[in-house]
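For reference, input13.txt (compact mmCIF, C-alpha atoms):
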```txt
# COMPACT_ATOMS: atom_id res chain seq x y z
CA MET X 1 -26.56 -15.02 12.34
CA MET X 2 -24.16 -12.39 11.07
CA GLN X 3 -20.79 -11.91 12.63
CA HIS X 4 -19.25 -8.56 11.67
CA VAL X 5 -20.57 -5.85 9.33
CA ILE X 6 -17.48 -4.41 7.67
CA GLY X 7 -18.08 -3.79 3.96
CA ILE X 8 -20.99 -4.23 1.57
CA LYS X 9 -18.86 -6.50 -0.61
CA ASP X 10 -18.97 -9.12 2.14
CA PHE X 11 -22.73 -9.50 1.61
CA SER X 12 -24.60 -11.58 -0.90
CA ARG X 13 -27.87 -10.37 -2.34
CA GLY X 14 -29.62 -12.94 -0.16
CA THR X 15 -28.15 -11.48 3.03
CA ILE X 16 -28.94 -7.93 1.94
CA ASP X 17 -32.55 -8.92 1.19
CA ALA X 18 -32.80 -10.56 4.61
CA ILE X 19 -31.59 -7.36 6.31
CA LEU X 20 -34.04 -5.22 4.32
CA ASN X 21 -36.92 -7.58 5.14
CA ARG X 22 -36.04 -7.45 8.81
CA ALA X 23 -35.88 -3.64 8.65
CA ALA X 24 -39.38 -3.57 7.13
CA GLU X 25 -40.68 -5.68 10.05
CA LEU X 26 -39.07 -3.30 12.54
CA GLU X 27 -40.13 -0.04 10.91
CA SER X 28 -43.19 0.37 13.13
CA VAL X 29 -40.94 0.06 16.20
CA ALA X 30 -38.58 2.68 14.76
CA CYS X 31 -41.57 4.93 14.23
CA GLY X 32 -42.32 5.75 17.84
CA GLY X 33 -42.72 2.18 19.08
CA SER X 34 -40.66 0.04 21.39
CA SER X 35 -39.57 -3.56 21.67
CA ASN X 36 -37.60 -5.68 24.09
CA ILE X 37 -35.74 -7.94 21.68
CA LEU X 38 -32.37 -6.51 22.75
CA SER X 39 -33.32 -6.02 26.37
CA GLY X 40 -30.28 -6.51 28.62
CA ARG X 41 -27.88 -6.09 25.69
CA ILE X 42 -25.22 -3.39 25.56
CA LEU X 43 -23.92 -1.66 22.44
CA ALA X 44 -20.64 0.29 22.57
CA THR X 45 -20.39 3.17 20.10
CA LEU X 46 -16.79 4.21 19.44
CA PHE X 47 -16.72 7.35 17.33
CA TYR X 48 -13.20 8.63 16.64
CA GLU X 49 -14.66 11.17 14.24
CA PRO X 50 -17.67 13.43 14.50
CA SER X 51 -21.01 12.09 13.33
CA THR X 52 -24.59 13.17 13.77
CA ARG X 53 -26.96 10.94 11.84
CA THR X 54 -25.05 7.68 12.11
CA ARG X 55 -24.38 7.98 15.81
CA LEU X 56 -27.86 9.16 16.81
CA SER X 57 -29.61 6.61 14.63
CA PHE X 58 -27.59 3.74 16.13
CA ASP X 59 -28.43 5.09 19.60
CA SER X 60 -32.07 5.38 18.72
CA ALA X 61 -32.16 1.92 17.11
CA MET X 62 -30.56 0.23 20.13
CA LYS X 63 -32.80 2.00 22.64
CA ARG X 64 -36.01 1.33 20.69
CA LEU X 65 -35.11 -2.35 20.83
CA GLY X 66 -34.80 -2.20 24.62
CA GLY X 67 -30.98 -2.23 24.75
CA ASN X 68 -28.40 0.09 26.28
CA VAL X 69 -25.65 2.16 24.73
CA ILE X 70 -22.24 3.02 26.18
CA ASP X 71 -19.53 5.24 24.70
CA PHE X 72 -16.24 6.79 25.74
CA GLY X 73 -17.49 10.37 25.64
CA SER X 74 -15.14 12.72 23.94
CA ILE X 75 -11.73 11.52 22.77
CA GLU X 76 -9.99 14.05 25.02
CA VAL X 77 -11.15 12.43 28.26
CA SER X 78 -10.66 8.81 27.15
CA SER X 79 -7.66 6.50 27.20
CA ILE X 80 -7.11 7.31 23.52
CA ALA X 81 -5.81 10.67 24.67
CA LYS X 82 -3.21 8.70 26.63
CA GLY X 83 -2.05 7.05 23.45
CA GLU X 84 -3.88 3.72 23.59
CA ASN X 85 -4.04 2.09 20.18
CA LEU X 86 -7.25 0.96 18.53
CA ALA X 87 -6.45 -2.75 18.90
CA ASP X 88 -6.17 -2.46 22.70
CA THR X 89 -9.27 -0.29 22.98
CA ILE X 90 -11.24 -2.88 21.00
CA SER X 91 -9.93 -5.78 23.11
CA VAL X 92 -10.99 -3.94 26.28
CA VAL X 93 -14.37 -2.69 25.06
CA SER X 94 -15.38 -6.08 23.67
CA GLY X 95 -15.36 -7.21 27.29
CA TYR X 96 -17.89 -4.51 28.20
CA ALA X 97 -20.43 -4.77 25.37
CA ASP X 98 -22.30 -7.25 23.17
CA ALA X 99 -21.44 -5.41 19.95
CA ILE X 100 -19.28 -2.47 18.88
CA VAL X 101 -20.09 0.29 16.40
CA LEU X 102 -16.90 1.91 15.16
CA ARG X 103 -16.19 5.05 13.17
CA HIS X 104 -12.50 5.73 12.61
CA PRO X 105 -10.50 8.01 10.31
CA LYS X 106 -8.23 5.24 8.96
CA GLU X 107 -9.26 2.98 6.10
CA GLY X 108 -9.39 -0.67 7.14
CA ALA X 109 -9.83 0.20 10.85
CA ALA X 110 -13.06 -1.78 11.17
CA ARG X 111 -11.59 -4.86 9.48
CA MET X 112 -8.64 -4.77 11.87
CA ALA X 113 -10.95 -4.17 14.86
CA SER X 114 -12.94 -7.27 13.93
CA GLU X 115 -9.75 -9.32 14.34
CA PHE X 116 -9.26 -8.08 17.90
CA SER X 117 -12.88 -8.14 19.02
CA SER X 118 -14.67 -11.02 20.72
CA VAL X 119 -18.04 -9.43 19.83
CA PRO X 120 -19.46 -8.31 16.46
CA VAL X 121 -18.01 -5.10 15.01
CA ILE X 122 -20.22 -2.86 12.88
CA ASN X 123 -18.38 -0.43 10.63
CA ALA X 124 -19.90 3.05 10.82
CA GLY X 125 -17.36 4.55 8.42
CA ASP X 126 -13.60 4.03 8.09
CA GLY X 127 -12.00 7.09 6.52
CA ALA X 128 -12.64 7.15 2.80
CA GLY X 129 -13.34 3.40 2.96
CA GLN X 130 -16.60 1.63 3.71
CA HIS X 131 -19.84 2.69 5.33
CA PRO X 132 -22.07 -0.35 4.82
CA THR X 133 -25.01 0.71 6.99
CA GLN X 134 -25.39 3.83 4.82
CA THR X 135 -25.53 1.63 1.73
CA LEU X 136 -28.11 -0.64 3.33
CA LEU X 137 -30.34 2.27 4.28
CA ASP X 138 -30.01 3.65 0.75
CA LEU X 139 -31.11 0.29 -0.66
CA TYR X 140 -33.98 0.17 1.82
CA THR X 141 -35.10 3.64 0.74
CA ILE X 142 -35.00 2.70 -2.94
CA ARG X 143 -36.93 -0.51 -2.29
CA LYS X 144 -39.53 1.23 -0.16
CA GLU X 145 -40.02 4.45 -2.11
CA SER X 146 -39.36 3.23 -5.65
CA LYS X 147 -38.33 -0.23 -6.87
CA LEU X 148 -34.99 -1.89 -6.25
CA ASP X 149 -34.84 -4.65 -8.84
CA GLY X 150 -34.24 -3.18 -12.29
CA VAL X 151 -34.03 0.39 -10.98
CA LYS X 152 -32.80 3.19 -13.25
CA ILE X 153 -30.75 5.47 -11.03
CA ALA X 154 -28.56 8.53 -11.53
CA LEU X 155 -25.63 8.98 -9.15
CA VAL X 156 -24.78 12.66 -9.24
CA GLY X 157 -21.87 14.73 -7.92
CA ASP X 158 -18.47 13.65 -6.66
CA LEU X 159 -18.19 10.10 -7.96
CA LYS X 160 -14.41 9.99 -7.61
CA TYR X 161 -13.96 10.38 -3.86
CA GLY X 162 -17.47 9.63 -2.60
CA ARG X 163 -17.39 6.36 -0.66
CA THR X 164 -21.19 6.37 -0.46
CA VAL X 165 -21.66 6.16 -4.21
CA HIS X 166 -18.93 3.56 -4.64
CA SER X 167 -20.55 1.16 -2.18
CA LEU X 168 -24.04 1.91 -3.45
CA ALA X 169 -23.04 1.29 -7.07
CA HIS X 170 -21.51 -2.03 -6.09
CA ALA X 171 -24.66 -3.08 -4.21
CA LEU X 172 -26.93 -1.95 -7.07
CA SER X 173 -24.97 -4.17 -9.43
CA MET X 174 -26.68 -7.11 -7.69
CA TYR X 175 -30.13 -5.76 -8.62
CA ASN X 176 -30.13 -5.58 -12.45
CA SER X 177 -29.90 -1.83 -12.29
CA GLU X 178 -29.12 0.76 -14.94
CA ILE X 179 -26.81 3.43 -13.55
CA TYR X 180 -26.26 6.94 -14.92
CA LEU X 181 -22.97 8.32 -13.62
CA VAL X 182 -23.29 12.09 -13.65
CA SER X 183 -20.23 14.05 -12.58
CA PRO X 184 -17.86 16.78 -13.68
CA GLU X 185 -14.93 15.53 -15.75
CA GLN X 186 -12.45 15.77 -12.85
CA LEU X 187 -14.67 13.83 -10.42
CA LYS X 188 -15.57 10.82 -12.56
CA MET X 189 -16.14 7.34 -11.15
CA PRO X 190 -12.80 5.46 -10.95
CA ASP X 191 -12.20 2.98 -13.78
CA SER X 192 -11.75 0.07 -11.37
CA ILE X 193 -15.30 0.50 -10.10
CA LYS X 194 -16.73 0.98 -13.60
CA ASP X 195 -14.99 -2.23 -14.68
CA ASP X 196 -16.53 -4.14 -11.77
CA LEU X 197 -19.97 -2.79 -12.67
CA THR X 198 -19.66 -3.68 -16.33
CA LYS X 199 -18.40 -7.17 -15.49
CA SER X 200 -21.43 -7.74 -13.28
CA GLY X 201 -23.70 -6.97 -16.25
CA THR X 202 -24.80 -3.57 -15.00
CA LYS X 203 -25.54 -1.03 -17.73
CA ILE X 204 -23.70 2.21 -17.03
CA ILE X 205 -24.08 5.52 -18.85
CA GLU X 206 -21.50 8.17 -18.09
CA THR X 207 -22.25 11.85 -18.62
CA THR X 208 -21.33 15.29 -17.34
CA ASN X 209 -24.81 16.67 -18.02
CA ILE X 210 -27.54 15.98 -15.47
CA ASP X 211 -30.18 16.67 -18.15
CA ASP X 212 -29.17 13.45 -19.90
CA ALA X 213 -30.44 11.47 -16.94
CA ILE X 214 -33.04 13.44 -15.02
CA GLY X 215 -35.95 12.74 -17.36
CA VAL X 216 -35.47 8.98 -17.58
CA VAL X 217 -34.47 7.76 -14.12
CA ASP X 218 -36.54 6.43 -11.22
CA VAL X 219 -34.05 7.64 -8.61
CA LEU X 220 -31.89 10.75 -8.53
CA TYR X 221 -29.15 10.25 -5.93
CA LEU X 222 -27.33 13.52 -5.23
CA THR X 223 -24.09 13.91 -3.31
CA ARG X 224 -22.05 16.86 -2.19
CA ILE X 225 -19.31 18.27 -4.38
CA GLN X 226 -16.64 19.54 -2.04
CA LYS X 227 -15.08 22.91 -2.66
CA GLU X 228 -11.59 21.67 -1.80
CA ARG X 229 -11.63 19.31 -4.80
CA PHE X 230 -11.28 22.34 -7.08
CA PRO X 231 -8.14 24.49 -7.22
CA ASP X 232 -10.15 27.32 -8.75
CA PRO X 233 -13.12 28.58 -6.66
CA ALA X 234 -14.84 30.00 -9.75
CA GLU X 235 -14.75 26.60 -11.41
CA TYR X 236 -16.28 25.06 -8.29
CA GLN X 237 -19.16 27.57 -8.41
CA THR X 238 -19.87 26.78 -12.06
CA VAL X 239 -19.74 23.03 -11.62
CA ALA X 240 -21.72 22.91 -8.38
CA GLY X 241 -24.31 25.26 -9.85
CA SER X 242 -24.82 23.04 -12.88
CA TYR X 243 -25.90 20.10 -10.68
CA LYS X 244 -28.18 22.04 -8.38
CA VAL X 245 -31.72 20.70 -8.34
CA THR X 246 -34.56 23.19 -8.03
CA LYS X 247 -38.33 22.94 -8.50
CA ASP X 248 -37.82 24.16 -12.08
CA THR X 249 -35.39 21.33 -12.82
CA LEU X 250 -38.17 18.89 -12.04
CA ASN X 251 -40.58 19.91 -14.81
CA GLU X 252 -39.79 17.03 -17.12
CA VAL X 253 -39.15 14.18 -14.72
CA LYS X 254 -40.97 10.89 -14.23
CA ASP X 255 -44.03 11.29 -12.08
CA ASP X 256 -42.70 8.83 -9.51
CA LEU X 257 -39.10 10.03 -9.47
CA ILE X 258 -37.56 10.02 -6.01
CA ILE X 259 -34.71 12.31 -4.97
CA MET X 260 -32.21 10.98 -2.42
CA HIS X 261 -29.22 12.55 -0.65
CA PRO X 262 -27.07 11.06 2.14
CA LEU X 263 -27.09 14.49 3.87
CA PRO X 264 -25.83 16.88 5.02
CA ARG X 265 -26.63 18.86 1.90
CA VAL X 266 -24.98 22.17 1.23
CA ASN X 267 -26.71 23.64 -1.79
CA GLU X 268 -27.25 20.65 -4.08
CA ILE X 269 -31.01 20.72 -3.49
CA ASP X 270 -33.00 23.92 -3.27
CA PRO X 271 -35.26 23.96 -0.16
CA ASP X 272 -38.18 24.51 -2.59
CA VAL X 273 -37.84 20.86 -3.55
CA ASP X 274 -38.47 19.66 0.03
CA SER X 275 -42.22 20.06 -0.29
CA THR X 276 -42.49 18.16 -3.59
CA LYS X 277 -43.54 14.52 -3.70
CA HIS X 278 -40.16 13.65 -5.14
CA ALA X 279 -38.18 14.56 -2.01
CA VAL X 280 -37.43 11.49 0.10
CA TYR X 281 -34.09 12.49 1.67
CA PHE X 282 -35.47 13.13 5.13
CA ARG X 283 -37.35 9.82 5.13
CA GLN X 284 -34.13 8.25 3.82
CA SER X 285 -32.32 9.42 6.92
CA PHE X 286 -35.15 8.13 9.13
CA TYR X 287 -34.82 4.70 7.48
CA GLY X 288 -31.37 4.55 9.03
CA VAL X 289 -33.13 3.62 12.26
CA PRO X 290 -35.05 0.50 11.13
CA VAL X 291 -32.10 -0.64 9.01
CA ARG X 292 -29.68 -0.30 11.94
CA MET X 293 -32.25 -2.03 14.18
CA ALA X 294 -32.26 -4.91 11.73
CA ILE X 295 -28.48 -5.12 11.79
CA LEU X 296 -28.26 -4.87 15.58
CA SER X 297 -30.91 -7.53 16.02
CA MET X 298 -29.18 -9.82 13.52
CA VAL X 299 -25.76 -9.58 15.17
CA MET X 300 -26.93 -9.72 18.78
CA ALA X 301 -30.33 -11.41 19.14
CA MET Z 1 26.08 -15.47 -26.18
CA THR Z 2 28.41 -18.50 -26.21
CA ALA Z 3 28.73 -20.98 -23.40
CA GLU Z 4 32.26 -19.75 -22.89
CA SER Z 5 31.33 -16.12 -22.32
CA ARG Z 6 28.56 -17.11 -19.92
CA GLU Z 7 31.14 -19.04 -17.96
CA LEU Z 8 33.38 -16.04 -17.89
CA ARG Z 9 30.69 -13.82 -16.47
CA VAL Z 10 29.76 -15.98 -13.49
CA ARG Z 11 31.24 -19.38 -12.92
CA ARG Z 12 29.10 -22.41 -12.19
CA ILE Z 13 28.44 -23.13 -8.56
CA ARG Z 14 29.05 -26.48 -6.95
CA ASN Z 15 26.23 -26.46 -4.41
CA GLY Z 16 23.47 -23.99 -3.72
CA THR Z 17 20.59 -22.26 -5.47
CA VAL Z 18 20.39 -20.49 -8.82
CA ILE Z 19 17.42 -18.22 -9.41
CA ASP Z 20 17.12 -17.79 -13.14
CA HIS Z 21 14.80 -15.84 -15.45
CA ILE Z 22 14.35 -13.02 -12.95
CA THR Z 23 12.61 -10.05 -14.59
CA ALA Z 24 15.43 -7.76 -15.80
CA GLY Z 25 16.40 -5.21 -13.18
CA GLN Z 26 14.69 -6.98 -10.26
CA ALA Z 27 17.60 -9.07 -8.90
CA LEU Z 28 18.30 -6.75 -5.98
CA ASN Z 29 14.63 -6.71 -5.02
CA VAL Z 30 14.62 -10.50 -5.16
CA LEU Z 31 17.48 -10.55 -2.65
CA ARG Z 32 15.60 -8.08 -0.52
CA ILE Z 33 12.48 -10.28 -0.43
CA LEU Z 34 14.63 -13.30 0.46
CA GLY Z 35 16.30 -11.36 3.26
CA ILE Z 36 19.74 -11.89 1.75
CA THR Z 37 21.64 -8.81 2.80
CA GLY Z 38 25.24 -9.85 2.19
CA ARG Z 39 25.90 -9.82 5.92
CA SER Z 40 25.64 -13.61 6.17
CA ASP Z 41 28.31 -16.06 5.04
CA GLU Z 42 26.99 -17.33 1.72
CA VAL Z 43 28.70 -16.26 -1.50
CA VAL Z 44 26.13 -14.49 -3.67
CA SER Z 45 26.55 -13.62 -7.36
CA VAL Z 46 24.17 -11.24 -9.04
CA VAL Z 47 24.03 -10.86 -12.81
CA MET Z 48 21.72 -8.22 -14.22
CA ASN Z 49 20.43 -7.47 -17.70
CA VAL Z 50 21.94 -10.52 -19.40
CA SER Z 51 20.83 -11.99 -22.75
CA ASP Z 52 20.09 -8.55 -24.23
CA ARG Z 53 18.60 -7.18 -21.02
CA LYS Z 54 16.02 -9.91 -20.88
CA LYS Z 55 16.71 -11.31 -17.42
CA ASP Z 56 18.67 -11.24 -14.17
CA ILE Z 57 20.26 -14.23 -12.44
CA VAL Z 58 21.13 -14.74 -8.76
CA LYS Z 59 23.40 -17.53 -7.51
CA ILE Z 60 23.64 -18.36 -3.83
CA GLU Z 61 26.35 -20.80 -2.86
CA ASN Z 62 26.01 -23.54 -0.24
CA ARG Z 63 22.43 -22.71 0.58
CA GLU Z 64 19.32 -24.46 -0.71
CA LEU Z 65 16.34 -22.16 -0.62
CA ASP Z 66 13.01 -23.68 0.34
CA PRO Z 67 10.62 -23.36 -2.64
CA GLU Z 68 7.87 -21.92 -0.45
CA GLU Z 69 10.04 -19.13 0.92
CA VAL Z 70 11.00 -18.32 -2.63
CA ASP Z 71 7.44 -18.11 -3.98
CA THR Z 72 6.99 -14.54 -2.79
CA ILE Z 73 9.50 -13.40 -5.40
CA ALA Z 74 6.79 -14.21 -7.96
CA LEU Z 75 5.31 -10.86 -6.91
CA ILE Z 76 7.99 -8.99 -8.80
CA SER Z 77 9.28 -11.72 -11.06
CA PRO Z 78 6.53 -14.15 -12.01
CA ASP Z 79 8.62 -16.15 -14.50
CA ALA Z 80 11.61 -16.85 -12.24
CA THR Z 81 12.84 -20.43 -11.88
CA ILE Z 82 14.60 -21.94 -8.89
CA ASN Z 83 17.37 -24.45 -9.52
CA ILE Z 84 18.82 -26.40 -6.63
CA ILE Z 85 22.41 -27.31 -7.51
CA ARG Z 86 24.21 -30.30 -6.04
CA ASP Z 87 27.72 -31.16 -7.22
CA TYR Z 88 27.42 -28.85 -10.26
CA LYS Z 89 24.19 -30.53 -11.43
CA VAL Z 90 20.64 -29.27 -11.30
CA ALA Z 91 19.13 -31.57 -8.69
CA GLU Z 92 15.73 -29.86 -8.53
CA LYS Z 93 14.01 -27.23 -10.65
CA HIS Z 94 10.90 -25.27 -9.65
CA GLU Z 95 8.95 -22.45 -11.15
CA VAL Z 96 7.83 -19.87 -8.64
CA ILE Z 97 4.13 -20.06 -7.83
CA LEU Z 98 2.33 -16.82 -7.09
CA PRO Z 99 0.86 -17.15 -3.57
CA SER Z 100 -2.84 -16.24 -3.15
CA HIS Z 101 -2.17 -14.31 0.03
CA ILE Z 102 0.86 -12.58 1.56
CA GLU Z 103 1.48 -10.89 4.86
CA GLY Z 104 4.32 -8.66 5.99
CA VAL Z 105 6.16 -8.53 2.63
CA VAL Z 106 4.70 -5.40 1.04
CA ARG Z 107 3.25 -2.34 2.73
CA CYS Z 108 -0.01 -0.78 1.61
CA MET Z 109 0.40 2.18 -0.75
CA ASN Z 110 -2.55 3.97 0.86
CA PRO Z 111 -0.98 6.29 3.47
CA ASN Z 112 -4.29 6.41 5.32
CA CYS Z 113 -4.56 2.62 5.65
CA ILE Z 114 -4.73 1.23 9.19
CA THR Z 115 -1.70 -0.96 8.40
CA ASN Z 116 0.44 2.18 7.98
CA THR Z 117 -0.08 3.19 11.62
CA ASP Z 118 1.33 1.98 14.94
CA GLU Z 119 -1.44 -0.60 15.29
CA PRO Z 120 -0.23 -4.19 15.82
CA VAL Z 121 -1.29 -5.43 12.39
CA LEU Z 122 0.69 -6.71 9.41
CA ALA Z 123 -0.14 -5.48 5.93
CA GLY Z 124 -1.92 -8.35 4.17
CA PHE Z 125 -2.91 -8.73 0.53
CA GLU Z 126 -5.05 -10.99 -1.62
CA ILE Z 127 -3.18 -11.67 -4.83
CA SER Z 128 -4.60 -12.14 -8.29
CA ARG Z 129 -3.04 -12.24 -11.71
CA GLY Z 130 -4.73 -10.42 -14.55
CA GLU Z 131 -2.55 -8.59 -17.04
CA GLY Z 132 0.02 -8.24 -14.27
CA VAL Z 133 0.21 -9.17 -10.63
CA GLU Z 134 -2.46 -7.40 -8.58
CA LEU Z 135 -2.36 -7.02 -4.78
CA ARG Z 136 -5.53 -5.98 -2.97
CA CYS Z 137 -5.10 -4.79 0.63
CA VAL Z 138 -7.16 -6.98 2.95
CA TYR Z 139 -7.85 -3.98 5.19
CA CYS Z 140 -8.50 -0.92 3.03
CA GLY Z 141 -9.04 -2.54 -0.39
CA LYS Z 142 -6.43 -0.45 -2.19
CA VAL Z 143 -4.94 -2.24 -5.19
CA ILE Z 144 -1.22 -2.20 -6.05
CA THR Z 145 -0.32 -3.27 -9.57
CA ASP Z 146 2.82 -2.16 -11.33
CA GLN Z 147 4.77 -0.54 -8.50
CA ILE Z 148 4.96 -3.52 -6.14
CA ALA Z 149 8.75 -3.31 -5.82
CA ASP Z 150 8.44 0.26 -4.48
CA PHE Z 151 6.44 -0.97 -1.51
CA LEU Z 152 8.56 -3.89 -0.35
CA ILE Z 153 9.04 -3.81 3.41
```

Can the structure in the file be given as structure tokens, please?
Amino acid sequence: MMQHVIGIKDFSRGTIDAILNRAAELESVACGGSSNILSGRILATLFYEPSTRTRLSFDSAMKRLGGNVIDFGSIEVSSIAKGENLADTISVVSGYADAIVLRHPKEGAARMASEFSSVPVINAGDGAGQHPTQTLLDLYTIRKESKLDGVKIALVGDLKYGRTVHSLAHALSMYNSEIYLVSPEQLKMPDSIKDDLTKSGTKIIETTNIDDAIGVVDVLYLTRIQKERFPDPAEYQTVAGSYKVTKDTLNEVKDDLIIMHPLPRVNEIDPDVDSTKHAVYFRQSFYGVPVRMAILSMVMA
Amino acid sequence: MTAESRELRVRRIRNGTVIDHITAGQALNVLRILGITGRSDEVVSVVMNVSDRKKDIVKIENRELDPEEVDTIALISPDATINIIRDYKVAEKHEVILPSHIEGVVRCMNPNCITNTDEPVLAGFEISRGEGVELRCVYCGKVITDQIADFLI
């Protein structure tokens, strides 16, 4: 029985494996089926920031399992507009629901919420902090579409600010992985995270050139490079262009390479790639449903 | 430095607490952590940059500090020693012990951390000692290393 789901670092490999196994059992339910294992249960989704995939997939997951979802609608019509703090909102809502999903713009919000809540809190993103259910669905995708233990993976794009790649790299360090860190010079993975990876025995190879990695990896994990990270728009164009994946880029890759992206993409992946066997990013976002079902069932059932 | 010149700088105290071997330049921050503002009655002497700028010393008369309340000064001065003085003699001597966890002493350096908002939560840190003292925010995970004194509450 899990209590809260706040950050991936709180989980052992054993717990992660248990969640992924549970997600595999529930995948047929996620895929157009239904179940009653959370029948009569209520999930509150508190989104203080916009979200499409995370919010809808939690909704879908809860409803497929026979449960109900409540939310506070838009911020403007809720008590937050009257100045209620998060701690009070959490204390109140934990009396109305069996679990709370929280997305909030401040780092550490979910950890604090868990201290005020009498029901499990699931972190659906806290500012630039943690987003553990994204990491779990990424791991599920790798396990399902490639291999997780001993995987060779390239993390590409903004490795400095991207919370997704930080959490994923940490989780992968539990799976004997080899990680290529591919980023422009100014968006390199922070030293503190590289140190943690090296200490855990993970082999890391840092490069600015995607060609160094693309031919040898099992997984190519692309992320968005945000325009606002570059003072000079021309420099942004050059850098972003150099990491763009097209059908032509894929001439010399492993036959079973998979390409992942947390979405939304801007122009990191040419739409031409969508029809290739390598593209798994839309399935990746579908896997958010069985993985979130697994988490919901483990905190509430 | 001779014993005589040391005596000239700050005379011995009869009863109270002497905090010795404070990292040079940190004496005022030590007082700040201890909540000694000068508005209470005790006589406080502060000596900074003595023995060729190697250390600071703080003497507090007629007050014996509790070793546990003093341990938080290890954050900024890990080698400090606490001497309890009774009738001019050192009655007890302790080294400060770095706590493993602190709350409400330092604020998080991440401006976007939930502890830097109006929420009813105290900034809390897990403490470890590598090359220097390292504070990791319990809430957002941000690590403070060499600028701890800048973030004292």

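The shortest atom-to-atom distance to chain X, with only C-alpha atoms taken into account, belongs to Z:Asp118 out of Z:Asp150, Z:Asp79, Z:Glu42, Z:Asp118.
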
Using all atoms listed in the file, select each residue of chain Z with any atom at most 6 Å away from an atom of chain X, and give the selection as a VMD selection string. chain Z and resid 112 to 114 139 to 140

Next, the residues of the selection above should be written as an mmCIF file, keeping the file's coordinate frame with C-alpha atoms.
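So result04.cif came out as:
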```
data_model
loop_
_atom_site.group_PDB
_atom_site.id
_atom_site.type_symbol
_atom_site.label_atom_id
_atom_site.label_comp_id
_atom_site.auth_asym_id
_atom_site.auth_seq_id
_atom_site.Cartn_x
_atom_site.Cartn_y
_atom_site.Cartn_z
ATOM 1 C CA ASN Z 112 -4.290 6.410 5.320
ATOM 2 C CA CYS Z 113 -4.560 2.620 5.650
ATOM 3 C CA ILE Z 114 -4.730 1.230 9.190
ATOM 4 C CA TYR Z 139 -7.850 -3.980 5.190
ATOM 5 C CA CYS Z 140 -8.500 -0.920 3.030
#
```

Just the residues within 12 Å of Gly95 in chain X, please, counting only C-alpha atoms, with nothing from its chain fewer than 4 positions along; format it as a PyMOL selection string. chain X and resi 42-44+88-91+99-100+116-120

Keeping only C-alpha atoms, write the selected residues to a file as a PDB file, in the coordinates of the input.
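Full text of selection-v9.pdb as output:
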```
ATOM      1  CA  ILE X  42     -25.220  -3.390  25.560  1.00  0.00           C
ATOM      2  CA  LEU X  43     -23.920  -1.660  22.440  1.00  0.00           C
ATOM      3  CA  ALA X  44     -20.640   0.290  22.570  1.00  0.00           C
ATOM      4  CA  ASP X  88      -6.170  -2.460  22.700  1.00  0.00           C
ATOM      5  CA  THR X  89      -9.270  -0.290  22.980  1.00  0.00           C
ATOM      6  CA  ILE X  90     -11.240  -2.880  21.000  1.00  0.00           C
ATOM      7  CA  SER X  91      -9.930  -5.780  23.110  1.00  0.00           C
ATOM      8  CA  ALA X  99     -21.440  -5.410  19.950  1.00  0.00           C
ATOM      9  CA  ILE X 100     -19.280  -2.470  18.880  1.00  0.00           C
ATOM     10  CA  PHE X 116      -9.260  -8.080  17.900  1.00  0.00           C
ATOM     11  CA  SER X 117     -12.880  -8.140  19.020  1.00  0.00           C
ATOM     12  CA  SER X 118     -14.670 -11.020  20.720  1.00  0.00           C
ATOM     13  CA  VAL X 119     -18.040  -9.430  19.830  1.00  0.00           C
ATOM     14  CA  PRO X 120     -19.460  -8.310  16.460  1.00  0.00           C
TER      15      PRO X 120
END
```

Write out as a ChimeraX atom specification the residues lying within 12 Å of Val289 in chain X, counting all atoms listed in the file and excluding same-chain residues fewer than 3 positions away. /X:20,22-24,26-33,53-65,133-134,136-138,140-141,283-286,292-297

Would you mind listing what lies within 10 Å of Lys277 in chain X as a ChimeraX atom specification, with only C-alpha atoms counted and same-chain residues fewer than 4 positions away left out? /X:255-259,273

Please produce an output containing C-alpha atoms for each residue in the selection, written as a PDB file, in the frame of the given file.
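Output file out12.pdb follows:
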```
ATOM      1  CA  ASP X 255     -44.030  11.290 -12.080  1.00  0.00           C
ATOM      2  CA  ASP X 256     -42.700   8.830  -9.510  1.00  0.00           C
ATOM      3  CA  LEU X 257     -39.100  10.030  -9.470  1.00  0.00           C
ATOM      4  CA  ILE X 258     -37.560  10.020  -6.010  1.00  0.00           C
ATOM      5  CA  ILE X 259     -34.710  12.310  -4.970  1.00  0.00           C
ATOM      6  CA  VAL X 273     -37.840  20.860  -3.550  1.00  0.00           C
TER       7      VAL X 273
END
```
